[in-house]
file query.csv (CSV, N, CA and C atoms)
chain,number,residue,atom,x,y,z
A,73,ARG,N,12.8,133.6,116.8
A,73,ARG,CA,11.3,133.5,116.5
A,73,ARG,C,10.6,134.1,117.7
A,74,GLU,N,10.9,133.8,118.9
A,74,GLU,CA,10.1,134.3,120.0
A,74,GLU,C,10.2,135.8,120.1
A,75,ARG,N,11.4,136.4,119.8
A,75,ARG,CA,11.5,137.8,119.9
A,75,ARG,C,10.7,138.5,118.7
A,76,LEU,N,10.6,137.9,117.6
A,76,LEU,CA,9.9,138.5,116.5
A,76,LEU,C,8.4,138.4,116.6
A,77,ILE,N,7.9,137.2,117.1
A,77,ILE,CA,6.5,137.0,117.1
A,77,ILE,C,5.8,138.0,118.0
A,78,ARG,N,6.5,138.6,118.9
A,78,ARG,CA,5.9,139.6,119.8
A,78,ARG,C,5.7,140.9,119.2
A,79,THR,N,6.3,141.1,118.0
A,79,THR,CA,6.3,142.4,117.4
A,79,THR,C,5.2,142.6,116.3
A,80,VAL,N,4.5,141.6,116.0
A,80,VAL,CA,3.4,141.7,115.0
A,80,VAL,C,2.2,141.0,115.5
A,81,SER,N,1.1,141.3,114.8
A,81,SER,CA,-0.2,140.7,115.1
A,81,SER,C,-0.2,139.3,114.8
A,82,PRO,N,-1.1,138.5,115.4
A,82,PRO,CA,-1.2,137.1,115.1
A,82,PRO,C,-1.5,136.8,113.6
A,83,GLU,N,-2.3,137.7,113.0
A,83,GLU,CA,-2.6,137.5,111.6
A,83,GLU,C,-1.4,137.8,110.7
A,84,ASP,N,-0.6,138.8,111.0
A,84,ASP,CA,0.6,139.1,110.3
A,84,ASP,C,1.6,138.0,110.4
A,85,TRP,N,1.7,137.4,111.6
A,85,TRP,CA,2.6,136.3,111.9
A,85,TRP,C,2.2,135.1,111.1
A,86,SER,N,1.0,134.8,111.0
A,86,SER,CA,0.5,133.7,110.2
A,86,SER,C,0.8,133.8,108.8
A,87,ALA,N,0.6,135.1,108.3
A,87,ALA,CA,0.8,135.4,106.9
A,87,ALA,C,2.3,135.2,106.6
A,88,PHE,N,3.2,135.7,107.5
A,88,PHE,CA,4.6,135.6,107.3
A,88,PHE,C,5.0,134.1,107.3
A,89,GLU,N,4.5,133.3,108.2
A,89,GLU,CA,4.9,131.9,108.2
A,89,GLU,C,4.4,131.2,107.0
A,90,ALA,N,3.3,131.5,106.4
A,90,ALA,CA,2.8,130.9,105.2
A,90,ALA,C,3.7,131.3,104.0
A,91,SER,N,4.1,132.6,104.0
A,91,SER,CA,5.1,133.0,102.9
A,91,SER,C,6.4,132.4,103.1
A,92,ALA,N,6.9,132.2,104.3
A,92,ALA,CA,8.2,131.6,104.5
A,92,ALA,C,8.1,130.1,104.1
A,93,ALA,N,7.0,129.4,104.4
A,93,ALA,CA,6.9,128.0,104.0
A,93,ALA,C,6.9,127.9,102.4
A,94,GLU,N,6.2,128.8,101.8
A,94,GLU,CA,6.2,128.8,100.3
A,94,GLU,C,7.6,129.1,99.8
A,95,ALA,N,8.4,130.0,100.3
A,95,ALA,CA,9.7,130.3,99.9
A,95,ALA,C,10.6,129.1,100.1
A,96,ARG,N,10.5,128.3,101.2
A,96,ARG,CA,11.3,127.1,101.4
A,96,ARG,C,10.9,126.1,100.3
A,97,ARG,N,9.6,125.9,100.1
A,97,ARG,CA,9.2,124.9,99.1
A,97,ARG,C,9.6,125.3,97.7
A,98,GLU,N,9.4,126.5,97.3
A,98,GLU,CA,9.7,126.9,95.9
A,98,GLU,C,11.1,127.4,95.7
A,99,GLY,N,11.8,127.7,96.8
A,99,GLY,CA,13.2,128.2,96.6
A,99,GLY,C,13.3,129.7,96.2
A,100,VAL,N,12.1,130.3,96.1
A,100,VAL,CA,12.1,131.7,95.7
A,100,VAL,C,10.7,132.3,96.1
A,101,MET,N,10.7,133.6,96.4
A,101,MET,CA,9.4,134.3,96.5
A,101,MET,C,9.4,135.5,95.7
A,102,VAL,N,8.4,135.7,94.9
A,102,VAL,CA,8.3,136.9,94.1
A,102,VAL,C,7.0,137.6,94.4
A,103,ARG,N,7.1,138.8,95.0
A,103,ARG,CA,5.9,139.5,95.5
A,103,ARG,C,6.0,141.0,95.2
A,104,GLN,N,4.9,141.6,95.0
A,104,GLN,CA,4.8,143.0,94.9
A,104,GLN,C,5.3,143.6,96.2
A,105,SER,N,6.2,144.6,96.1
A,105,SER,CA,6.7,145.3,97.3
A,105,SER,C,5.6,145.8,98.2
A,106,SER,N,5.7,145.7,99.5
A,106,SER,CA,4.7,146.3,100.3
A,106,SER,C,5.0,147.7,100.6
A,107,PHE,N,6.1,148.2,100.1
A,107,PHE,CA,6.5,149.6,100.4
A,107,PHE,C,6.5,150.5,99.1
A,108,VAL,N,6.8,149.9,98.0
A,108,VAL,CA,6.9,150.7,96.7
A,108,VAL,C,6.0,150.0,95.7
A,109,LYS,N,5.0,150.6,95.2
A,109,LYS,CA,4.0,150.0,94.3
A,109,LYS,C,4.6,149.5,93.0
A,110,SER,N,5.6,150.1,92.5
A,110,SER,CA,6.1,149.7,91.2
A,110,SER,C,7.3,148.7,91.3
A,111,VAL,N,7.6,148.3,92.5
A,111,VAL,CA,8.7,147.4,92.7
A,111,VAL,C,8.2,145.9,93.0
A,112,THR,N,8.9,145.0,92.4
A,112,THR,CA,8.6,143.6,92.7
A,112,THR,C,9.8,143.1,93.5
A,113,ASP,N,9.6,142.5,94.6
A,113,ASP,CA,10.7,141.9,95.5
A,113,ASP,C,10.9,140.5,95.1
A,114,ILE,N,12.2,140.1,94.8
A,114,ILE,CA,12.6,138.7,94.6
A,114,ILE,C,13.4,138.3,95.7
A,115,SER,N,13.0,137.2,96.4
A,115,SER,CA,13.8,136.8,97.6
A,115,SER,C,13.9,135.3,97.6
A,116,CYS,N,15.1,134.9,98.1
A,116,CYS,CA,15.4,133.4,98.2
A,116,CYS,C,16.0,133.2,99.6
A,117,PRO,N,15.7,132.0,100.1
A,117,PRO,CA,16.3,131.6,101.4
A,117,PRO,C,17.8,131.2,101.2
A,118,VAL,N,18.6,131.5,102.3
A,118,VAL,CA,20.0,131.1,102.3
A,118,VAL,C,20.1,130.1,103.5
A,119,PHE,N,20.7,129.0,103.2
A,119,PHE,CA,20.8,127.9,104.2
A,119,PHE,C,22.2,127.7,104.7
A,120,SER,N,22.3,127.3,106.0
A,120,SER,CA,23.6,126.8,106.5
A,120,SER,C,23.3,125.3,106.9
A,121,ALA,N,24.3,124.7,107.5
A,121,ALA,CA,24.1,123.3,107.9
A,121,ALA,C,23.0,123.3,109.0
A,122,HIS,N,22.6,124.4,109.6
A,122,HIS,CA,21.6,124.4,110.7
A,122,HIS,C,20.2,124.9,110.2
A,123,GLY,N,20.1,125.1,108.9
A,123,GLY,CA,18.8,125.5,108.4
A,123,GLY,C,18.9,126.9,107.8
A,124,ILE,N,17.7,127.6,107.6
A,124,ILE,CA,17.7,128.9,107.0
A,124,ILE,C,18.3,129.9,108.0
A,125,VAL,N,19.3,130.7,107.4
A,125,VAL,CA,20.0,131.7,108.2
A,125,VAL,C,19.8,133.1,107.7
A,126,ALA,N,19.3,133.2,106.5
A,126,ALA,CA,19.1,134.6,105.9
A,126,ALA,C,18.2,134.5,104.7
A,127,ALA,N,17.9,135.7,104.2
A,127,ALA,CA,17.2,135.7,102.9
A,127,ALA,C,18.0,136.7,102.0
A,128,LEU,N,18.1,136.4,100.8
A,128,LEU,CA,18.8,137.2,99.8
A,128,LEU,C,17.6,137.9,98.9
A,129,SER,N,17.6,139.2,98.9
A,129,SER,CA,16.5,139.8,98.2
A,129,SER,C,17.0,140.9,97.2
A,130,MET,N,16.2,141.0,96.2
A,130,MET,CA,16.6,142.0,95.1
A,130,MET,C,15.3,142.7,94.7
A,131,PRO,N,15.2,144.0,94.8
A,131,PRO,CA,14.1,144.7,94.3
A,131,PRO,C,14.2,144.8,92.7
A,132,TYR,N,13.1,144.5,92.1
A,132,TYR,CA,13.0,144.6,90.6
A,132,TYR,C,12.1,145.6,90.2
A,133,LEU,N,12.6,146.5,89.3
A,133,LEU,CA,11.8,147.6,88.7
A,133,LEU,C,11.8,147.4,87.2
A,134,GLU,N,10.6,147.2,86.6
A,134,GLU,CA,10.6,146.9,85.2
A,134,GLU,C,10.6,148.3,84.5
A,135,THR,N,11.5,148.4,83.6
A,135,THR,CA,11.6,149.6,82.7
A,135,THR,C,11.9,149.0,81.3
A,136,ARG,N,12.0,149.9,80.3
A,136,ARG,CA,12.2,149.4,79.0
A,136,ARG,C,13.7,149.0,78.8
A,137,LEU,N,14.5,149.3,79.8
A,137,LEU,CA,16.0,148.9,79.8
A,137,LEU,C,16.3,147.8,80.8
A,138,SER,N,15.3,147.4,81.6
A,138,SER,CA,15.7,146.4,82.6
A,138,SER,C,15.8,145.0,82.0
A,139,ALA,N,16.5,144.2,82.8
A,139,ALA,CA,16.6,142.8,82.4
A,139,ALA,C,15.3,142.1,82.6
A,140,ASN,N,15.1,141.0,81.9
A,140,ASN,CA,13.9,140.2,82.1
A,140,ASN,C,13.7,139.7,83.5
A,141,ILE,N,12.5,139.8,84.1
A,141,ILE,CA,12.4,139.4,85.5
A,141,ILE,C,12.7,137.9,85.7
A,142,ASN,N,12.5,137.1,84.7
A,142,ASN,CA,12.9,135.7,84.9
A,142,ASN,C,14.4,135.5,85.0
A,143,ALA,N,15.1,136.3,84.3
A,143,ALA,CA,16.6,136.2,84.4
A,143,ALA,C,17.0,136.7,85.7
A,144,CYS,N,16.4,137.7,86.3
A,144,CYS,CA,16.7,138.3,87.6
A,144,CYS,C,16.4,137.2,88.7
A,145,ILE,N,15.2,136.6,88.5
A,145,ILE,CA,14.8,135.5,89.5
A,145,ILE,C,15.9,134.4,89.5
A,146,GLN,N,16.4,134.0,88.3
A,146,GLN,CA,17.4,133.0,88.3
A,146,GLN,C,18.7,133.5,88.9
A,147,PHE,N,19.0,134.7,88.7
A,147,PHE,CA,20.3,135.3,89.2
A,147,PHE,C,20.2,135.2,90.8
A,148,VAL,N,19.1,135.6,91.4
A,148,VAL,CA,19.0,135.6,92.8
A,148,VAL,C,19.0,134.2,93.3
A,149,LYS,N,18.3,133.3,92.7
A,149,LYS,CA,18.3,131.9,93.1
A,149,LYS,C,19.7,131.3,93.0
A,150,ASP,N,20.5,131.6,92.0
A,150,ASP,CA,21.9,131.1,91.8
A,150,ASP,C,22.7,131.7,92.9
A,151,ALA,N,22.6,133.0,93.2
A,151,ALA,CA,23.4,133.6,94.3
A,151,ALA,C,23.1,133.0,95.6
A,152,ALA,N,21.8,132.8,95.9
A,152,ALA,CA,21.4,132.2,97.2
A,152,ALA,C,21.9,130.8,97.3
A,153,ARG,N,21.9,130.0,96.2
A,153,ARG,CA,22.4,128.7,96.2
A,153,ARG,C,23.9,128.7,96.5
A,154,ASP,N,24.7,129.6,95.9
A,154,ASP,CA,26.1,129.7,96.1
A,154,ASP,C,26.4,130.1,97.5
A,155,LEU,N,25.7,131.1,98.0
A,155,LEU,CA,25.9,131.4,99.5
A,155,LEU,C,25.6,130.3,100.4
A,156,SER,N,24.5,129.6,100.1
A,156,SER,CA,24.2,128.4,100.9
A,156,SER,C,25.3,127.4,100.9
A,157,HIS,N,25.8,127.1,99.7
A,157,HIS,CA,26.9,126.2,99.6
A,157,HIS,C,28.1,126.6,100.4
A,158,GLU,N,28.5,127.9,100.4
A,158,GLU,CA,29.6,128.4,101.2
A,158,GLU,C,29.3,128.2,102.7
A,159,LEU,N,28.1,128.2,103.1
A,159,LEU,CA,27.7,128.1,104.5
A,159,LEU,C,27.5,126.7,104.9
A,160,GLY,N,27.6,125.8,104.0
A,160,GLY,CA,27.4,124.4,104.3
A,160,GLY,C,26.0,123.9,104.3
A,161,GLY,N,25.1,124.7,103.6
A,161,GLY,CA,23.7,124.4,103.6
A,161,GLY,C,23.3,123.6,102.3
call {"tool": "encode", "arguments": {"input": "query.csv", "output": "structure tokens"}}
result
Amino acid sequence: RERLIRTVSPEDWSAFEASAAEARREGVMVRQSSFVKSVTDISCPVFSAHGIVAALSMPYLETRLSANINACIQFVKDAARDLSHELGG
């Protein structure tokens, strides 16, 4: 945390902490990509016995052939849950 906080503005850090708190509460974060306008990022926290250790993310691009976004959200949540279980979280 101390190394990261020095790399961004106080406003950006506050926004990041608010987003992280939401992801912990909800178990998932679904947001428009900040890099690619047509991509939606789906991210879930991964836990160990010591707390959050990683985030599992999947970019989602809606096309006429793509899977339903809700199915993709569930897939990422399930994968993060399985990883967390393996890590003792």
call {"tool": "select_by_dssp", "arguments": {"input": "query.csv", "residues": "chain A", "states": "helix (DSSP H, G or I)", "output": "ChimeraX atom specification"}}
result
/A:74-77,82-98,141-158
call {"tool": "select_by_dssp", "arguments": {"input": "query.csv", "residues": "range 76-139 of chain A", "states": "strand (DSSP E)", "output": "PDB file with N, CA and C atoms, keeping the file's coordinate frame"}}
result
ATOM      1  N   MET A 101      10.700 133.600  96.400  1.00  0.00           N
ATOM      2  CA  MET A 101       9.400 134.300  96.500  1.00  0.00           C
ATOM      3  C   MET A 101       9.400 135.500  95.700  1.00  0.00           C
ATOM      4  N   VAL A 102       8.400 135.700  94.900  1.00  0.00           N
ATOM      5  CA  VAL A 102       8.300 136.900  94.100  1.00  0.00           C
ATOM      6  C   VAL A 102       7.000 137.600  94.400  1.00  0.00           C
ATOM      7  N   ARG A 103       7.100 138.800  95.000  1.00  0.00           N
ATOM      8  CA  ARG A 103       5.900 139.500  95.500  1.00  0.00           C
ATOM      9  C   ARG A 103       6.000 141.000  95.200  1.00  0.00           C
ATOM     10  N   GLN A 104       4.900 141.600  95.000  1.00  0.00           N
ATOM     11  CA  GLN A 104       4.800 143.000  94.900  1.00  0.00           C
ATOM     12  C   GLN A 104       5.300 143.600  96.200  1.00  0.00           C
ATOM     13  N   VAL A 111       7.600 148.300  92.500  1.00  0.00           N
ATOM     14  CA  VAL A 111       8.700 147.400  92.700  1.00  0.00           C
ATOM     15  C   VAL A 111       8.200 145.900  93.000  1.00  0.00           C
ATOM     16  N   THR A 112       8.900 145.000  92.400  1.00  0.00           N
ATOM     17  CA  THR A 112       8.600 143.600  92.700  1.00  0.00           C
ATOM     18  C   THR A 112       9.800 143.100  93.500  1.00  0.00           C
ATOM     19  N   ASP A 113       9.600 142.500  94.600  1.00  0.00           N
ATOM     20  CA  ASP A 113      10.700 141.900  95.500  1.00  0.00           C
ATOM     21  C   ASP A 113      10.900 140.500  95.100  1.00  0.00           C
ATOM     22  N   ILE A 114      12.200 140.100  94.800  1.00  0.00           N
ATOM     23  CA  ILE A 114      12.600 138.700  94.600  1.00  0.00           C
ATOM     24  C   ILE A 114      13.400 138.300  95.700  1.00  0.00           C
ATOM     25  N   SER A 115      13.000 137.200  96.400  1.00  0.00           N
ATOM     26  CA  SER A 115      13.800 136.800  97.600  1.00  0.00           C
ATOM     27  C   SER A 115      13.900 135.300  97.600  1.00  0.00           C
ATOM     28  N   CYS A 116      15.100 134.900  98.100  1.00  0.00           N
ATOM     29  CA  CYS A 116      15.400 133.400  98.200  1.00  0.00           C
ATOM     30  C   CYS A 116      16.000 133.200  99.600  1.00  0.00           C
ATOM     31  N   PRO A 117      15.700 132.000 100.100  1.00  0.00           N
ATOM     32  CA  PRO A 117      16.300 131.600 101.400  1.00  0.00           C
ATOM     33  C   PRO A 117      17.800 131.200 101.200  1.00  0.00           C
ATOM     34  N   VAL A 118      18.600 131.500 102.300  1.00  0.00           N
ATOM     35  CA  VAL A 118      20.000 131.100 102.300  1.00  0.00           C
ATOM     36  C   VAL A 118      20.100 130.100 103.500  1.00  0.00           C
ATOM     37  N   PHE A 119      20.700 129.000 103.200  1.00  0.00           N
ATOM     38  CA  PHE A 119      20.800 127.900 104.200  1.00  0.00           C
ATOM     39  C   PHE A 119      22.200 127.700 104.700  1.00  0.00           C
ATOM     40  N   SER A 120      22.300 127.300 106.000  1.00  0.00           N
ATOM     41  CA  SER A 120      23.600 126.800 106.500  1.00  0.00           C
ATOM     42  C   SER A 120      23.300 125.300 106.900  1.00  0.00           C
ATOM     43  N   GLY A 123      20.100 125.100 108.900  1.00  0.00           N
ATOM     44  CA  GLY A 123      18.800 125.500 108.400  1.00  0.00           C
ATOM     45  C   GLY A 123      18.900 126.900 107.800  1.00  0.00           C
ATOM     46  N   ILE A 124      17.700 127.600 107.600  1.00  0.00           N
ATOM     47  CA  ILE A 124      17.700 128.900 107.000  1.00  0.00           C
ATOM     48  C   ILE A 124      18.300 129.900 108.000  1.00  0.00           C
ATOM     49  N   VAL A 125      19.300 130.700 107.400  1.00  0.00           N
ATOM     50  CA  VAL A 125      20.000 131.700 108.200  1.00  0.00           C
ATOM     51  C   VAL A 125      19.800 133.100 107.700  1.00  0.00           C
ATOM     52  N   ALA A 126      19.300 133.200 106.500  1.00  0.00           N
ATOM     53  CA  ALA A 126      19.100 134.600 105.900  1.00  0.00           C
ATOM     54  C   ALA A 126      18.200 134.500 104.700  1.00  0.00           C
ATOM     55  N   ALA A 127      17.900 135.700 104.200  1.00  0.00           N
ATOM     56  CA  ALA A 127      17.200 135.700 102.900  1.00  0.00           C
ATOM     57  C   ALA A 127      18.000 136.700 102.000  1.00  0.00           C
ATOM     58  N   LEU A 128      18.100 136.400 100.800  1.00  0.00           N
ATOM     59  CA  LEU A 128      18.800 137.200  99.800  1.00  0.00           C
ATOM     60  C   LEU A 128      17.600 137.900  98.900  1.00  0.00           C
ATOM     61  N   SER A 129      17.600 139.200  98.900  1.00  0.00           N
ATOM     62  CA  SER A 129      16.500 139.800  98.200  1.00  0.00           C
ATOM     63  C   SER A 129      17.000 140.900  97.200  1.00  0.00           C
ATOM     64  N   MET A 130      16.200 141.000  96.200  1.00  0.00           N
ATOM     65  CA  MET A 130      16.600 142.000  95.100  1.00  0.00           C
ATOM     66  C   MET A 130      15.300 142.700  94.700  1.00  0.00           C
ATOM     67  N   PRO A 131      15.200 144.000  94.800  1.00  0.00           N
ATOM     68  CA  PRO A 131      14.100 144.700  94.300  1.00  0.00           C
ATOM     69  C   PRO A 131      14.200 144.800  92.700  1.00  0.00           C
ATOM     70  N   TYR A 132      13.100 144.500  92.100  1.00  0.00           N
ATOM     71  CA  TYR A 132      13.000 144.600  90.600  1.00  0.00           C
ATOM     72  C   TYR A 132      12.100 145.600  90.200  1.00  0.00           C
ATOM     73  N   LEU A 133      12.600 146.500  89.300  1.00  0.00           N
ATOM     74  CA  LEU A 133      11.800 147.600  88.700  1.00  0.00           C
ATOM     75  C   LEU A 133      11.800 147.400  87.200  1.00  0.00           C
TER      76      LEU A 133
END
call {"tool": "closest_residue", "arguments": {"input": "query.csv", "among": "A:Ile124, A:Ala87, A:Leu76, A:Cys116", "to": "Met101 in chain A", "atoms": "all atoms listed in the file"}}
result
A:Cys116
call {"tool": "closest_residue", "arguments": {"input": "query.csv", "among": "A:Ala143, A:Val108, A:Val80, A:Ala152", "to": "Ser129 in chain A", "atoms": "only C-alpha atoms"}}
result
A:Ala152
call {"tool": "atom_distance", "arguments": {"input": "query.csv", "atom1": "atom C of Asp150 in chain A", "atom2": "atom C of Phe88 in chain A"}}
result
22.9 Å
call {"tool": "atom_distance", "arguments": {"input": "query.csv", "atom1": "atom N of Ser106 in chain A", "atom2": "CA of Arg78 in chain A"}}
result
21.2 Å
call {"tool": "closest_residue", "arguments": {"input": "query.csv", "among": "A:Ser120, A:Ser115, A:Ser105, A:Ser110", "to": "Ser156 in chain A", "atoms": "only C-alpha atoms"}}
result
A:Ser120
call {"tool": "atom_distance", "arguments": {"input": "query.csv", "atom1": "atom N of Ala93 in chain A", "atom2": "CA of Asn142 in chain A"}}
result
21.3 Å
call {"tool": "closest_residue", "arguments": {"input": "query.csv", "among": "A:Ala95, A:Ser86, A:Glu74, A:Ile114", "to": "Cys144 in chain A", "atoms": "all atoms listed in the file"}}
result
A:Ile114
call {"tool": "closest_residue", "arguments": {"input": "query.csv", "among": "A:Leu133, A:Ser91, A:Arg73, A:Glu158", "to": "Phe119 in chain A", "atoms": "only N, CA and C atoms"}}
result
A:Glu158
call {"tool": "residues_around", "arguments": {"input": "query.csv", "residues": "Gln104 in chain A", "least_positions_apart": "3", "cutoff": "6 Å", "atoms": "only N, CA and C atoms", "output": "number ranges by chain"}}
result
A: 111-113
call {"tool": "closest_residue", "arguments": {"input": "query.csv", "among": "A:Met130, A:Arg136, A:Ala121, A:Leu155", "to": "Arg103 in chain A", "atoms": "only C-alpha atoms"}}
result
A:Met130
call {"tool": "decode", "arguments": {"input": "query.csv", "residues": "range 87-106 of chain A", "atoms": "N, CA and C atoms", "output": "PDB file, in the first residue's frame"}}
result
ATOM      1  N   ALA A  87     -10.441   7.294  -5.005  1.00  0.00           N
ATOM      2  CA  ALA A  87     -11.353   6.600  -5.929  1.00  0.00           C
ATOM      3  C   ALA A  87     -11.028   5.111  -5.970  1.00  0.00           C
ATOM      4  N   PHE A  88      -9.746   4.772  -5.970  1.00  0.00           N
ATOM      5  CA  PHE A  88      -9.335   3.371  -5.967  1.00  0.00           C
ATOM      6  C   PHE A  88      -9.813   2.673  -4.690  1.00  0.00           C
ATOM      7  N   GLU A  89      -9.624   3.300  -3.540  1.00  0.00           N
ATOM      8  CA  GLU A  89     -10.056   2.685  -2.275  1.00  0.00           C
ATOM      9  C   GLU A  89     -11.563   2.482  -2.243  1.00  0.00           C
ATOM     10  N   ALA A  90     -12.322   3.439  -2.764  1.00  0.00           N
ATOM     11  CA  ALA A  90     -13.780   3.294  -2.809  1.00  0.00           C
ATOM     12  C   ALA A  90     -14.174   2.125  -3.721  1.00  0.00           C
ATOM     13  N   SER A  91     -13.506   2.000  -4.859  1.00  0.00           N
ATOM     14  CA  SER A  91     -13.784   0.893  -5.777  1.00  0.00           C
ATOM     15  C   SER A  91     -13.415  -0.442  -5.151  1.00  0.00           C
ATOM     16  N   ALA A  92     -12.285  -0.477  -4.454  1.00  0.00           N
ATOM     17  CA  ALA A  92     -11.853  -1.722  -3.801  1.00  0.00           C
ATOM     18  C   ALA A  92     -12.833  -2.132  -2.710  1.00  0.00           C
ATOM     19  N   ALA A  93     -13.332  -1.166  -1.961  1.00  0.00           N
ATOM     20  CA  ALA A  93     -14.309  -1.470  -0.910  1.00  0.00           C
ATOM     21  C   ALA A  93     -15.599  -2.027  -1.523  1.00  0.00           C
ATOM     22  N   GLU A  94     -16.008  -1.462  -2.639  1.00  0.00           N
ATOM     23  CA  GLU A  94     -17.204  -1.961  -3.321  1.00  0.00           C
ATOM     24  C   GLU A  94     -16.986  -3.392  -3.807  1.00  0.00           C
ATOM     25  N   ALA A  95     -15.826  -3.664  -4.370  1.00  0.00           N
ATOM     26  CA  ALA A  95     -15.521  -5.014  -4.862  1.00  0.00           C
ATOM     27  C   ALA A  95     -15.517  -6.016  -3.716  1.00  0.00           C
ATOM     28  N   ARG A  96     -14.987  -5.630  -2.565  1.00  0.00           N
ATOM     29  CA  ARG A  96     -15.003  -6.526  -1.396  1.00  0.00           C
ATOM     30  C   ARG A  96     -16.436  -6.799  -0.954  1.00  0.00           C
ATOM     31  N   ARG A  97     -17.254  -5.762  -0.907  1.00  0.00           N
ATOM     32  CA  ARG A  97     -18.650  -5.899  -0.480  1.00  0.00           C
ATOM     33  C   ARG A  97     -19.463  -6.737  -1.445  1.00  0.00           C
ATOM     34  N   GLU A  98     -19.358  -6.424  -2.722  1.00  0.00           N
ATOM     35  CA  GLU A  98     -20.192  -7.052  -3.746  1.00  0.00           C
ATOM     36  C   GLU A  98     -19.610  -8.360  -4.281  1.00  0.00           C
ATOM     37  N   GLY A  99     -18.295  -8.551  -4.108  1.00  0.00           N
ATOM     38  CA  GLY A  99     -17.646  -9.744  -4.640  1.00  0.00           C
ATOM     39  C   GLY A  99     -17.300  -9.644  -6.111  1.00  0.00           C
ATOM     40  N   VAL A 100     -17.640  -8.526  -6.727  1.00  0.00           N
ATOM     41  CA  VAL A 100     -17.351  -8.310  -8.150  1.00  0.00           C
ATOM     42  C   VAL A 100     -17.395  -6.819  -8.439  1.00  0.00           C
ATOM     43  N   MET A 101     -16.641  -6.413  -9.437  1.00  0.00           N
ATOM     44  CA  MET A 101     -16.725  -5.049  -9.935  1.00  0.00           C
ATOM     45  C   MET A 101     -16.845  -5.126 -11.446  1.00  0.00           C
ATOM     46  N   VAL A 102     -17.846  -4.448 -11.971  1.00  0.00           N
ATOM     47  CA  VAL A 102     -18.074  -4.397 -13.409  1.00  0.00           C
ATOM     48  C   VAL A 102     -18.038  -2.929 -13.799  1.00  0.00           C
ATOM     49  N   ARG A 103     -17.034  -2.577 -14.605  1.00  0.00           N
ATOM     50  CA  ARG A 103     -16.830  -1.183 -14.984  1.00  0.00           C
ATOM     51  C   ARG A 103     -16.411  -1.079 -16.447  1.00  0.00           C
ATOM     52  N   GLN A 104     -16.760   0.052 -17.038  1.00  0.00           N
ATOM     53  CA  GLN A 104     -16.260   0.361 -18.371  1.00  0.00           C
ATOM     54  C   GLN A 104     -14.746   0.473 -18.295  1.00  0.00           C
ATOM     55  N   SER A 105     -14.040  -0.123 -19.246  1.00  0.00           N
ATOM     56  CA  SER A 105     -12.585  -0.053 -19.268  1.00  0.00           C
ATOM     57  C   SER A 105     -12.128   1.396 -19.347  1.00  0.00           C
ATOM     58  N   SER A 106     -11.088   1.718 -18.613  1.00  0.00           N
ATOM     59  CA  SER A 106     -10.531   3.068 -18.693  1.00  0.00           C
ATOM     60  C   SER A 106      -9.555   3.191 -19.864  1.00  0.00           C
TER      61      SER A 106
END
